[in-house]
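Undergrad: Before I ask anything, here is the structure I am working with.
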Amino acid sequence: MSLYQLFKGKGPSGFGYGSTAEEVTAGLSLAGKTILVTGCNSGLGFEAMRVLSMRGARVLGTARTLEKAKAACDAVGDQAVPLACELSEPASVRTCVDAVIAGGHRLDAVICNAGIMALPKRELAHGIELQFFTNHIGHFILVTGLLDRLAEDGRVVMLSSAAHTMAPKEGIRFDDLAAAKGYTPWGHYGQSKLANLLFAKELARRFAGTRKTANAVHPGVIRTKLGRHMPGIARFTFGLVGPLVLKSVPQGAATEVYVAVHPGVATTSGAYFADANLATPRADADDPALAKKLWEVSESIVAGLPAR
Ligand SMILES: NC(=O)c1ccc[n+]([C@@H]2O[C@H](COP(=O)([O-])OP(=O)(O)OC[C@H]3O[C@@H](n4cnc5c(N)ncnc54)[C@H](OP(=O)(O)O)[C@@H]3O)[C@@H](O)[C@H]2O)c1
């Protein structure tokens with residue numbers, strides 16, 4: 001248990017900083033539900049898949065390769081269905097979409113959990129900065145490709161981060177999505193996480209008048225493989241003080257799982273959650289014009305990508 005947890009109480013949802021994914025789903029039966037989780041082979045995604053499976057859901061678990069997805073799915077029982085989905089490769093994402101459709105799956109929730117953080121050097125995928133492409137564009141292709149498969153009351157959950165506040169002041173640098181004019185590991189991670197948040201907002205706006213919902217979450221700060229690109233000294237310090245000040249993986253998976261399945265948030269849409277409670281993002285994350293522009297720019301990027 002982290003020391004920090006001792007000072008953080010529970011919020012209006014009845015859950016809080018210290019709640020785990022098992023706790024936020026206690027007493028729930030998810031039998032008959034199908035939930036897709038990206039990045040199922042590691043960290044929060046694996047824990048989310050484990051707990052959702054434990055509660056009876058069939059989880060479609062995606063990873064960069066089928067081998068990774070299969071190993072993770074095998075580890076949580078025989079209900080989970082492994083799928084390959086390399087988010088920086090549109091052909092792989094589209095093949096994943098096709099597989100979900102061909103499998104006849106009706107999705108009760110899609111948890112866009114996979115992500116990369118703070119790449120030390122500028123990298124590109126299809127001419128776009130790699131964190132923006134992986135964290136946002138890859139998930140944009142996936143979710144928009146699966147909208148017809150979403151149940152009438154289906155939920156889309158985007159893993160954002162408190163680090164969305166590190167995005168550039170102007171929000172998204174639409175005129176430099178390749179980061180050619182300047183790259184910073186955290187600024188561009190922040191931009192990708194602001195994009196995750198804005199995508200949830202715009203999707204929620206498009207879902208208005210239906211029972212479908214879209215929300216974004218900050219899971220907390222948790223020591224996972226996400227920090228693999230951080231400098232050695234930072235990783236060392238995290239390792240040392242992590243158990244005292246950071247969330248555990250079961251605690252980190254709680255918010256995404258809560259927003260994906262808890263009856264208490266069935267009608268909440270376009271919101272941002274942290275510690276399994278409503279939270280307030282930075283001001284421009286609530287700007288509908290920015291969210292709409294991101295959607296339109298994302299559509300045009302996707303239209304310019306190779307079909308297969
Ligand atoms: N941990 C934190 O403190 C924290 C804080 C705020 C937000 N988040 C967010 O929480 C989410 C989960 O992170 P985590 O902490 O569980 O990290 P993690 O252990 O590194 O897991 C990330 C997952 O994303 C997958 N992934 C990375 N690049 C991918 C790609 N190109 N295509 C498909 N999958 C890819 C990874 O696959 P491989 O294993 O094959 O690389 C892995 O399964 C991320 O979206 C992250 O931004 C985490």
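Ordering of the structure tokens sets the chain letters (A, B, ...), residue numbers begin anew at 1 in every chain, and ligands are numbered from 1 in the order given.
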Please provide the set of residues having any atom within 9 Å of A:Gly264, restricted to only C-alpha atoms, with same-chain residues fewer than 5 positions apart removed, written as JSON, numbers by chain.
TA: {"A": [13, 258, 259]}
Undergrad: Now that the selection is made, can you save its residues with C-alpha atoms as a PDB file, in the first residue's frame?
TA:
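Contents of result.pdb, freshly written:
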```pdb
ATOM      1  CA  SER A  13     -18.555   7.164  -6.414  1.00  0.00           C
ATOM      2  CA  TYR A 258     -14.883   1.288 -13.475  1.00  0.00           C
ATOM      3  CA  VAL A 259     -15.750   3.557 -16.399  1.00  0.00           C
TER       4      VAL A 259
END
```
Undergrad: List all protein, DNA and RNA residues that have any atom at most 6 Å from ligand 1, counting only C-alpha atoms and all ligand atoms, and write the list as a VMD selection string.
TA: chain A and resid 39 to 45 63 to 64 85 to 88 113 to 116 134 159 to 161 218 to 226
Undergrad: Considering only C-alpha atoms, return as an mmCIF file with N, CA, C and O atoms, in the first residue's frame whatever protein or nucleic-acid residues lie within 12 Å of stretch 76-84 of chain A, sequence-local ones (same chain, fewer than 2 positions apart) excluded.
TA:
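Produced file selection-v9.cif, reproduced below:
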```cif
data_model
loop_
_atom_site.group_PDB
_atom_site.id
_atom_site.type_symbol
_atom_site.label_atom_id
_atom_site.label_comp_id
_atom_site.auth_asym_id
_atom_site.auth_seq_id
_atom_site.Cartn_x
_atom_site.Cartn_y
_atom_site.Cartn_z
ATOM 1 N N ALA A 31 -21.126 -11.596 -17.113
ATOM 2 C CA ALA A 31 -21.425 -12.715 -18.011
ATOM 3 C C ALA A 31 -22.238 -12.202 -19.191
ATOM 4 O O ALA A 31 -23.176 -11.417 -19.011
ATOM 5 N N GLY A 32 -21.875 -12.607 -20.369
ATOM 6 C CA GLY A 32 -22.594 -12.179 -21.579
ATOM 7 C C GLY A 32 -22.048 -10.888 -22.177
ATOM 8 O O GLY A 32 -22.460 -10.486 -23.264
ATOM 9 N N LYS A 33 -21.136 -10.237 -21.481
ATOM 10 C CA LYS A 33 -20.555 -8.981 -21.993
ATOM 11 C C LYS A 33 -19.271 -9.287 -22.773
ATOM 12 O O LYS A 33 -18.517 -10.198 -22.407
ATOM 13 N N THR A 34 -19.042 -8.492 -23.799
ATOM 14 C CA THR A 34 -17.793 -8.615 -24.564
ATOM 15 C C THR A 34 -17.084 -7.269 -24.534
ATOM 16 O O THR A 34 -17.697 -6.235 -24.845
ATOM 17 N N ILE A 35 -15.829 -7.282 -24.147
ATOM 18 C CA ILE A 35 -15.076 -6.033 -23.957
ATOM 19 C C ILE A 35 -13.717 -6.150 -24.636
ATOM 20 O O ILE A 35 -12.987 -7.123 -24.404
ATOM 21 N N LEU A 36 -13.424 -5.193 -25.493
ATOM 22 C CA LEU A 36 -12.113 -5.191 -26.157
ATOM 23 C C LEU A 36 -11.146 -4.320 -25.350
ATOM 24 O O LEU A 36 -11.495 -3.196 -24.970
ATOM 25 N N VAL A 37 -9.962 -4.838 -25.100
ATOM 26 C CA VAL A 37 -8.927 -4.092 -24.362
ATOM 27 C C VAL A 37 -7.662 -4.073 -25.211
ATOM 28 O O VAL A 37 -7.131 -5.135 -25.565
ATOM 29 N N THR A 38 -7.169 -2.870 -25.546
ATOM 30 C CA THR A 38 -5.899 -2.811 -26.291
ATOM 31 C C THR A 38 -4.732 -2.799 -25.300
ATOM 32 O O THR A 38 -4.846 -2.315 -24.181
ATOM 33 N N GLY A 39 -3.625 -3.376 -25.746
ATOM 34 C CA GLY A 39 -2.448 -3.439 -24.872
ATOM 35 C C GLY A 39 -2.677 -4.401 -23.723
ATOM 36 O O GLY A 39 -2.346 -4.103 -22.571
ATOM 37 N N CYS A 40 -3.214 -5.591 -24.051
ATOM 38 C CA CYS A 40 -3.635 -6.534 -22.990
ATOM 39 C C CYS A 40 -2.474 -7.306 -22.392
ATOM 40 O O CYS A 40 -2.668 -8.048 -21.439
ATOM 41 N N ASN A 41 -1.288 -7.153 -22.958
ATOM 42 C CA ASN A 41 -0.186 -8.026 -22.533
ATOM 43 C C ASN A 41 0.676 -7.439 -21.434
ATOM 44 O O ASN A 41 1.655 -8.047 -21.027
ATOM 45 N N PHE A 46 -3.296 -5.629 -18.953
ATOM 46 C CA PHE A 46 -3.366 -7.028 -18.528
ATOM 47 C C PHE A 46 -4.239 -7.162 -17.290
ATOM 48 O O PHE A 46 -5.084 -8.064 -17.195
ATOM 49 N N GLU A 47 -4.057 -6.252 -16.341
ATOM 50 C CA GLU A 47 -4.851 -6.321 -15.106
ATOM 51 C C GLU A 47 -6.339 -6.088 -15.408
ATOM 52 O O GLU A 47 -7.207 -6.755 -14.840
ATOM 53 N N ALA A 48 -6.610 -5.138 -16.304
ATOM 54 C CA ALA A 48 -8.011 -4.896 -16.679
ATOM 55 C C ALA A 48 -8.600 -6.160 -17.295
ATOM 56 O O ALA A 48 -9.709 -6.583 -16.940
ATOM 57 N N MET A 49 -7.864 -6.784 -18.204
ATOM 58 C CA MET A 49 -8.371 -8.004 -18.845
ATOM 59 C C MET A 49 -8.571 -9.107 -17.820
ATOM 60 O O MET A 49 -9.589 -9.818 -17.849
ATOM 61 N N ARG A 50 -7.633 -9.247 -16.900
ATOM 62 C CA ARG A 50 -7.732 -10.307 -15.880
ATOM 63 C C ARG A 50 -8.999 -10.142 -15.038
ATOM 64 O O ARG A 50 -9.762 -11.083 -14.833
ATOM 65 N N VAL A 51 -9.240 -8.893 -14.605
ATOM 66 C CA VAL A 51 -10.378 -8.671 -13.706
ATOM 67 C C VAL A 51 -11.705 -8.767 -14.473
ATOM 68 O O VAL A 51 -12.677 -9.349 -13.984
ATOM 69 N N LEU A 52 -11.744 -8.211 -15.669
ATOM 70 C CA LEU A 52 -12.977 -8.307 -16.473
ATOM 71 C C LEU A 52 -13.300 -9.765 -16.776
ATOM 72 O O LEU A 52 -14.468 -10.182 -16.711
ATOM 73 N N SER A 53 -12.283 -10.558 -17.075
ATOM 74 C CA SER A 53 -12.486 -11.992 -17.333
ATOM 75 C C SER A 53 -12.965 -12.690 -16.065
ATOM 76 O O SER A 53 -13.880 -13.518 -16.100
ATOM 77 N N MET A 54 -12.361 -12.331 -14.950
ATOM 78 C CA MET A 54 -12.737 -12.930 -13.667
ATOM 79 C C MET A 54 -14.210 -12.687 -13.344
ATOM 80 O O MET A 54 -14.876 -13.528 -12.745
ATOM 81 N N ARG A 55 -14.728 -11.527 -13.795
ATOM 82 C CA ARG A 55 -16.139 -11.187 -13.551
ATOM 83 C C ARG A 55 -17.066 -11.773 -14.615
ATOM 84 O O ARG A 55 -18.262 -11.493 -14.634
ATOM 85 N N GLY A 56 -16.498 -12.526 -15.538
ATOM 86 C CA GLY A 56 -17.345 -13.263 -16.491
ATOM 87 C C GLY A 56 -17.386 -12.701 -17.896
ATOM 88 O O GLY A 56 -18.049 -13.278 -18.773
ATOM 89 N N ALA A 57 -16.730 -11.569 -18.149
ATOM 90 C CA ALA A 57 -16.768 -10.992 -19.503
ATOM 91 C C ALA A 57 -15.892 -11.801 -20.453
ATOM 92 O O ALA A 57 -14.894 -12.390 -20.038
ATOM 93 N N ARG A 58 -16.297 -11.786 -21.715
ATOM 94 C CA ARG A 58 -15.379 -12.275 -22.741
ATOM 95 C C ARG A 58 -14.541 -11.073 -23.176
ATOM 96 O O ARG A 58 -15.087 -10.070 -23.641
ATOM 97 N N VAL A 59 -13.243 -11.161 -23.007
ATOM 98 C CA VAL A 59 -12.372 -10.038 -23.369
ATOM 99 C C VAL A 59 -11.685 -10.342 -24.693
ATOM 100 O O VAL A 59 -11.123 -11.426 -24.884
ATOM 101 N N LEU A 60 -11.776 -9.388 -25.616
ATOM 102 C CA LEU A 60 -10.972 -9.462 -26.826
ATOM 103 C C LEU A 60 -9.701 -8.690 -26.489
ATOM 104 O O LEU A 60 -9.737 -7.467 -26.319
ATOM 105 N N GLY A 61 -8.617 -9.411 -26.319
ATOM 106 C CA GLY A 61 -7.377 -8.786 -25.864
ATOM 107 C C GLY A 61 -6.442 -8.560 -27.037
ATOM 108 O O GLY A 61 -6.065 -9.502 -27.740
ATOM 109 N N THR A 62 -6.087 -7.282 -27.281
ATOM 110 C CA THR A 62 -5.188 -7.018 -28.402
ATOM 111 C C THR A 62 -3.785 -6.680 -27.909
ATOM 112 O O THR A 62 -3.606 -6.089 -26.848
ATOM 113 N N ALA A 63 -2.810 -7.072 -28.731
ATOM 114 C CA ALA A 63 -1.401 -6.725 -28.479
ATOM 115 C C ALA A 63 -0.743 -6.510 -29.834
ATOM 116 O O ALA A 63 -1.347 -6.777 -30.869
ATOM 117 N N ARG A 64 0.510 -6.042 -29.782
ATOM 118 C CA ARG A 64 1.176 -5.753 -31.062
ATOM 119 C C ARG A 64 1.257 -6.978 -31.968
ATOM 120 O O ARG A 64 1.229 -6.854 -33.185
ATOM 121 N N THR A 65 1.433 -8.146 -31.356
ATOM 122 C CA THR A 65 1.502 -9.388 -32.143
ATOM 123 C C THR A 65 0.502 -10.394 -31.566
ATOM 124 O O THR A 65 0.150 -10.323 -30.381
ATOM 125 N N LEU A 66 0.123 -11.352 -32.413
ATOM 126 C CA LEU A 66 -0.803 -12.393 -31.967
ATOM 127 C C LEU A 66 -0.164 -13.234 -30.860
ATOM 128 O O LEU A 66 -0.844 -13.635 -29.913
ATOM 129 N N GLU A 67 1.147 -13.445 -30.958
ATOM 130 C CA GLU A 67 1.838 -14.262 -29.948
ATOM 131 C C GLU A 67 1.711 -13.613 -28.571
ATOM 132 O O GLU A 67 1.402 -14.284 -27.583
ATOM 133 N N LYS A 68 1.957 -12.291 -28.513
ATOM 134 C CA LYS A 68 1.855 -11.589 -27.226
ATOM 135 C C LYS A 68 0.421 -11.626 -26.708
ATOM 136 O O LYS A 68 0.183 -11.819 -25.516
ATOM 137 N N ALA A 69 -0.529 -11.404 -27.603
ATOM 138 C CA ALA A 69 -1.933 -11.395 -27.185
ATOM 139 C C ALA A 69 -2.338 -12.773 -26.679
ATOM 140 O O ALA A 69 -3.031 -12.907 -25.668
ATOM 141 N N LYS A 70 -1.870 -13.801 -27.374
ATOM 142 C CA LYS A 70 -2.246 -15.172 -27.018
ATOM 143 C C LYS A 70 -1.669 -15.546 -25.647
ATOM 144 O O LYS A 70 -2.381 -16.101 -24.803
ATOM 145 N N ALA A 71 -0.410 -15.192 -25.428
ATOM 146 C CA ALA A 71 0.205 -15.523 -24.135
ATOM 147 C C ALA A 71 -0.561 -14.833 -23.001
ATOM 148 O O ALA A 71 -0.816 -15.431 -21.949
ATOM 149 N N ALA A 72 -0.956 -13.580 -23.213
ATOM 150 C CA ALA A 72 -1.686 -12.841 -22.170
ATOM 151 C C ALA A 72 -3.074 -13.439 -21.965
ATOM 152 O O ALA A 72 -3.516 -13.643 -20.821
ATOM 153 N N CYS A 73 -3.763 -13.714 -23.054
ATOM 154 C CA CYS A 73 -5.126 -14.273 -22.949
ATOM 155 C C CYS A 73 -5.095 -15.644 -22.278
ATOM 156 O O CYS A 73 -5.944 -15.945 -21.441
ATOM 157 N N ASP A 74 -4.103 -16.460 -22.635
ATOM 158 C CA ASP A 74 -3.991 -17.798 -22.025
ATOM 159 C C ASP A 74 -3.817 -17.685 -20.520
ATOM 160 O O ASP A 74 -4.264 -18.547 -19.763
ATOM 161 N N GLU A 86 -1.286 -3.840 -34.059
ATOM 162 C CA GLU A 86 -0.126 -2.940 -33.942
ATOM 163 C C GLU A 86 -0.637 -1.545 -34.314
ATOM 164 O O GLU A 86 -0.948 -1.262 -35.475
ATOM 165 N N LEU A 87 -0.742 -0.696 -33.314
ATOM 166 C CA LEU A 87 -1.438 0.587 -33.510
ATOM 167 C C LEU A 87 -0.698 1.553 -34.429
ATOM 168 O O LEU A 87 -1.315 2.468 -34.978
ATOM 169 N N GLU A 89 0.589 0.664 -37.148
ATOM 170 C CA GLU A 89 0.502 0.095 -38.491
ATOM 171 C C GLU A 89 -0.967 -0.043 -38.898
ATOM 172 O O GLU A 89 -1.663 -0.966 -38.459
ATOM 173 N N PRO A 90 -1.461 0.904 -39.711
ATOM 174 C CA PRO A 90 -2.892 0.907 -40.037
ATOM 175 C C PRO A 90 -3.398 -0.431 -40.587
ATOM 176 O O PRO A 90 -4.515 -0.839 -40.270
ATOM 177 N N ALA A 91 -2.561 -1.133 -41.364
ATOM 178 C CA ALA A 91 -3.019 -2.415 -41.928
ATOM 179 C C ALA A 91 -3.334 -3.396 -40.801
ATOM 180 O O ALA A 91 -4.321 -4.147 -40.871
ATOM 181 N N SER A 92 -2.504 -3.378 -39.753
ATOM 182 C CA SER A 92 -2.723 -4.274 -38.620
ATOM 183 C C SER A 92 -4.008 -3.893 -37.879
ATOM 184 O O SER A 92 -4.797 -4.765 -37.486
ATOM 185 N N VAL A 93 -4.227 -2.588 -37.705
ATOM 186 C CA VAL A 93 -5.438 -2.146 -36.988
ATOM 187 C C VAL A 93 -6.675 -2.536 -37.799
ATOM 188 O O VAL A 93 -7.667 -3.034 -37.250
ATOM 189 N N ARG A 94 -6.593 -2.340 -39.107
ATOM 190 C CA ARG A 94 -7.762 -2.672 -39.948
ATOM 191 C C ARG A 94 -8.021 -4.177 -39.967
ATOM 192 O O ARG A 94 -9.172 -4.611 -39.987
ATOM 193 N N THR A 95 -6.946 -4.972 -39.934
ATOM 194 C CA THR A 95 -7.121 -6.425 -39.879
ATOM 195 C C THR A 95 -7.783 -6.821 -38.562
ATOM 196 O O THR A 95 -8.618 -7.726 -38.511
ATOM 197 N N CYS A 96 -7.431 -6.105 -37.486
ATOM 198 C CA CYS A 96 -8.044 -6.361 -36.179
ATOM 199 C C CYS A 96 -9.541 -6.034 -36.240
ATOM 200 O O CYS A 96 -10.379 -6.812 -35.765
ATOM 201 N N VAL A 97 -9.865 -4.880 -36.828
ATOM 202 C CA VAL A 97 -11.281 -4.494 -36.982
ATOM 203 C C VAL A 97 -12.023 -5.592 -37.751
ATOM 204 O O VAL A 97 -13.105 -6.046 -37.345
ATOM 205 N N ASP A 98 -11.422 -6.036 -38.856
ATOM 206 C CA ASP A 98 -12.061 -7.085 -39.679
ATOM 207 C C ASP A 98 -12.290 -8.355 -38.862
ATOM 208 O O ASP A 98 -13.320 -9.019 -39.002
ATOM 209 N N ALA A 99 -11.312 -8.698 -38.021
ATOM 210 C CA ALA A 99 -11.429 -9.927 -37.229
ATOM 211 C C ALA A 99 -12.565 -9.817 -36.218
ATOM 212 O O ALA A 99 -13.304 -10.785 -35.992
ATOM 213 N N VAL A 100 -12.729 -8.628 -35.622
ATOM 214 C CA VAL A 100 -13.826 -8.440 -34.651
ATOM 215 C C VAL A 100 -15.168 -8.560 -35.389
ATOM 216 O O VAL A 100 -16.105 -9.224 -34.913
ATOM 217 N N GLY A 103 -15.805 -12.108 -36.413
ATOM 218 C CA GLY A 103 -16.141 -12.935 -35.253
ATOM 219 C C GLY A 103 -17.562 -12.713 -34.766
ATOM 220 O O GLY A 103 -18.038 -13.408 -33.866
ATOM 221 N N HIS A 105 -18.691 -10.285 -33.058
ATOM 222 C CA HIS A 105 -18.732 -9.784 -31.680
ATOM 223 C C HIS A 105 -19.528 -8.484 -31.589
ATOM 224 O O HIS A 105 -19.345 -7.585 -32.394
ATOM 225 N N LEU A 142 -9.143 2.243 -35.025
ATOM 226 C CA LEU A 142 -9.778 1.087 -34.375
ATOM 227 C C LEU A 142 -11.223 1.400 -33.976
ATOM 228 O O LEU A 142 -12.159 0.684 -34.338
#
```
Undergrad: Give me, as a list in words, all polymer residues having an atom no more than 8 Å from A:Ala254, counting only C-alpha atoms and skipping those fewer than 3 positions away in the same chain.
TA: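 Contacts, with the query itself left out: Ser19, Thr20, Ala21, Glu22, Glu23, Val24, Ala48, Pro219, Pro250, Gln251, Val257, Tyr258, Asp275 and Ala276 of chain A.
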Undergrad: Write to file, as a JSON list (two decimals), in the first residue's frame, the residues of the selection just made, with all heavy atoms.
TA:
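Writing done, so here's result.json:
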```
[["chain", "number", "residue", "atom", "x", "y", "z"],
["A", 19, "SER", "N", -8.64, 2.34, -4.50],
["A", 19, "SER", "CA", -9.50, 1.23, -4.97],
["A", 19, "SER", "C", -8.81, 0.46, -6.09],
["A", 19, "SER", "O", -8.12, 1.03, -6.93],
["A", 19, "SER", "CB", -10.83, 1.79, -5.50],
["A", 19, "SER", "OG", -11.49, 2.53, -4.50],
["A", 20, "THR", "N", -9.06, -0.84, -6.10],
["A", 20, "THR", "CA", -8.48, -1.70, -7.14],
["A", 20, "THR", "C", -9.55, -2.06, -8.16],
["A", 20, "THR", "O", -10.76, -1.88, -7.92],
["A", 20, "THR", "CB", -7.94, -3.00, -6.53],
["A", 20, "THR", "OG1", -9.06, -3.71, -5.97],
["A", 20, "THR", "CG2", -6.90, -2.74, -5.45],
["A", 21, "ALA", "N", -9.10, -2.63, -9.28],
["A", 21, "ALA", "CA", -10.06, -3.06, -10.31],
["A", 21, "ALA", "C", -10.99, -4.14, -9.77],
["A", 21, "ALA", "O", -12.17, -4.18, -10.11],
["A", 21, "ALA", "CB", -9.30, -3.55, -11.55],
["A", 22, "GLU", "N", -10.47, -4.99, -8.91],
["A", 22, "GLU", "CA", -11.34, -6.01, -8.31],
["A", 22, "GLU", "C", -12.40, -5.34, -7.43],
["A", 22, "GLU", "O", -13.56, -5.73, -7.42],
["A", 22, "GLU", "CB", -10.53, -7.01, -7.49],
["A", 22, "GLU", "CG", -9.75, -7.98, -8.35],
["A", 22, "GLU", "CD", -9.24, -9.19, -7.58],
["A", 22, "GLU", "OE1", -9.79, -9.49, -6.50],
["A", 22, "GLU", "OE2", -8.29, -9.83, -8.06],
["A", 23, "GLU", "N", -12.00, -4.32, -6.68],
["A", 23, "GLU", "CA", -12.95, -3.65, -5.78],
["A", 23, "GLU", "C", -14.04, -2.90, -6.54],
["A", 23, "GLU", "O", -15.21, -2.94, -6.15],
["A", 23, "GLU", "CB", -12.21, -2.71, -4.84],
["A", 23, "GLU", "CG", -11.45, -3.47, -3.74],
["A", 23, "GLU", "CD", -10.42, -2.64, -3.00],
["A", 23, "GLU", "OE1", -10.24, -1.44, -3.31],
["A", 23, "GLU", "OE2", -9.76, -3.21, -2.12],
["A", 24, "VAL", "N", -13.68, -2.23, -7.63],
["A", 24, "VAL", "CA", -14.71, -1.45, -8.35],
["A", 24, "VAL", "C", -15.67, -2.35, -9.12],
["A", 24, "VAL", "O", -16.70, -1.87, -9.61],
["A", 24, "VAL", "CB", -14.11, -0.37, -9.29],
["A", 24, "VAL", "CG1", -13.22, 0.60, -8.52],
["A", 24, "VAL", "CG2", -13.35, -0.98, -10.47],
["A", 48, "ALA", "N", -6.61, -5.14, -16.30],
["A", 48, "ALA", "CA", -8.01, -4.90, -16.68],
["A", 48, "ALA", "C", -8.60, -6.16, -17.29],
["A", 48, "ALA", "O", -9.71, -6.58, -16.94],
["A", 48, "ALA", "CB", -8.09, -3.73, -17.66],
["A", 219, "PRO", "N", -5.33, 7.13, -15.17],
["A", 219, "PRO", "CA", -5.31, 5.96, -14.27],
["A", 219, "PRO", "C", -4.58, 6.17, -12.96],
["A", 219, "PRO", "O", -4.70, 5.36, -12.05],
["A", 219, "PRO", "CB", -4.58, 4.90, -15.11],
["A", 219, "PRO", "CG", -3.68, 5.68, -16.01],
["A", 219, "PRO", "CD", -4.40, 6.97, -16.29],
["A", 250, "PRO", "N", -2.98, -3.09, -9.74],
["A", 250, "PRO", "CA", -4.42, -3.30, -9.51],
["A", 250, "PRO", "C", -5.17, -1.98, -9.25],
["A", 250, "PRO", "O", -6.33, -1.82, -9.66],
["A", 250, "PRO", "CB", -4.46, -4.22, -8.29],
["A", 250, "PRO", "CG", -3.16, -4.97, -8.36],
["A", 250, "PRO", "CD", -2.16, -3.98, -8.89],
["A", 251, "GLN", "N", -4.53, -1.04, -8.56],
["A", 251, "GLN", "CA", -5.16, 0.28, -8.34],
["A", 251, "GLN", "C", -5.20, 1.07, -9.65],
["A", 251, "GLN", "O", -6.18, 1.75, -9.96],
["A", 251, "GLN", "CB", -4.40, 1.06, -7.27],
["A", 251, "GLN", "CG", -4.54, 0.46, -5.88],
["A", 251, "GLN", "CD", -3.58, 1.09, -4.87],
["A", 251, "GLN", "OE1", -2.50, 1.58, -5.23],
["A", 251, "GLN", "NE2", -3.95, 1.06, -3.60],
["A", 257, "VAL", "N", -11.50, 0.26, -15.72],
["A", 257, "VAL", "CA", -12.47, -0.82, -15.56],
["A", 257, "VAL", "C", -13.80, -0.25, -15.02],
["A", 257, "VAL", "O", -14.89, -0.60, -15.49],
["A", 257, "VAL", "CB", -11.89, -1.91, -14.62],
["A", 257, "VAL", "CG1", -12.97, -2.85, -14.13],
["A", 257, "VAL", "CG2", -10.80, -2.68, -15.34],
["A", 258, "TYR", "N", -13.69, 0.65, -14.06],
["A", 258, "TYR", "CA", -14.88, 1.29, -13.48],
["A", 258, "TYR", "C", -15.70, 1.99, -14.57],
["A", 258, "TYR", "O", -16.91, 1.78, -14.69],
["A", 258, "TYR", "CB", -14.43, 2.30, -12.41],
["A", 258, "TYR", "CG", -15.53, 3.17, -11.87],
["A", 258, "TYR", "CD1", -16.45, 2.66, -10.95],
["A", 258, "TYR", "CD2", -15.66, 4.50, -12.26],
["A", 258, "TYR", "CE1", -17.47, 3.46, -10.44],
["A", 258, "TYR", "CE2", -16.67, 5.31, -11.76],
["A", 258, "TYR", "CZ", -17.58, 4.78, -10.86],
["A", 258, "TYR", "OH", -18.60, 5.57, -10.37],
["A", 275, "ASP", "N", -9.09, 8.34, -10.33],
["A", 275, "ASP", "CA", -9.41, 7.66, -9.07],
["A", 275, "ASP", "C", -10.88, 7.22, -9.03],
["A", 275, "ASP", "O", -11.56, 7.33, -8.00],
["A", 275, "ASP", "CB", -9.11, 8.58, -7.86],
["A", 275, "ASP", "CG", -7.64, 8.96, -7.80],
["A", 275, "ASP", "OD1", -6.80, 8.25, -8.39],
["A", 275, "ASP", "OD2", -7.33, 9.99, -7.16],
["A", 276, "ALA", "N", -11.39, 6.76, -10.17],
["A", 276, "ALA", "CA", -12.78, 6.27, -10.28],
["A", 276, "ALA", "C", -13.82, 7.31, -9.86],
["A", 276, "ALA", "O", -14.86, 6.98, -9.31],
["A", 276, "ALA", "CB", -12.95, 4.97, -9.50]]
```
Undergrad: So that I can check the surroundings of A:His136, please list as a list in words every protein, DNA and RNA residue that reaches within 8 Å of it, counting only C-alpha atoms and ignoring chain neighbours fewer than 2 positions away.
TA: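 In the requested format, the answer is Gln131, Phe132, Phe133, Thr134, Gly138, His139, Phe140, Ser192, Lys193, Ala195 and Asn196 of chain A.
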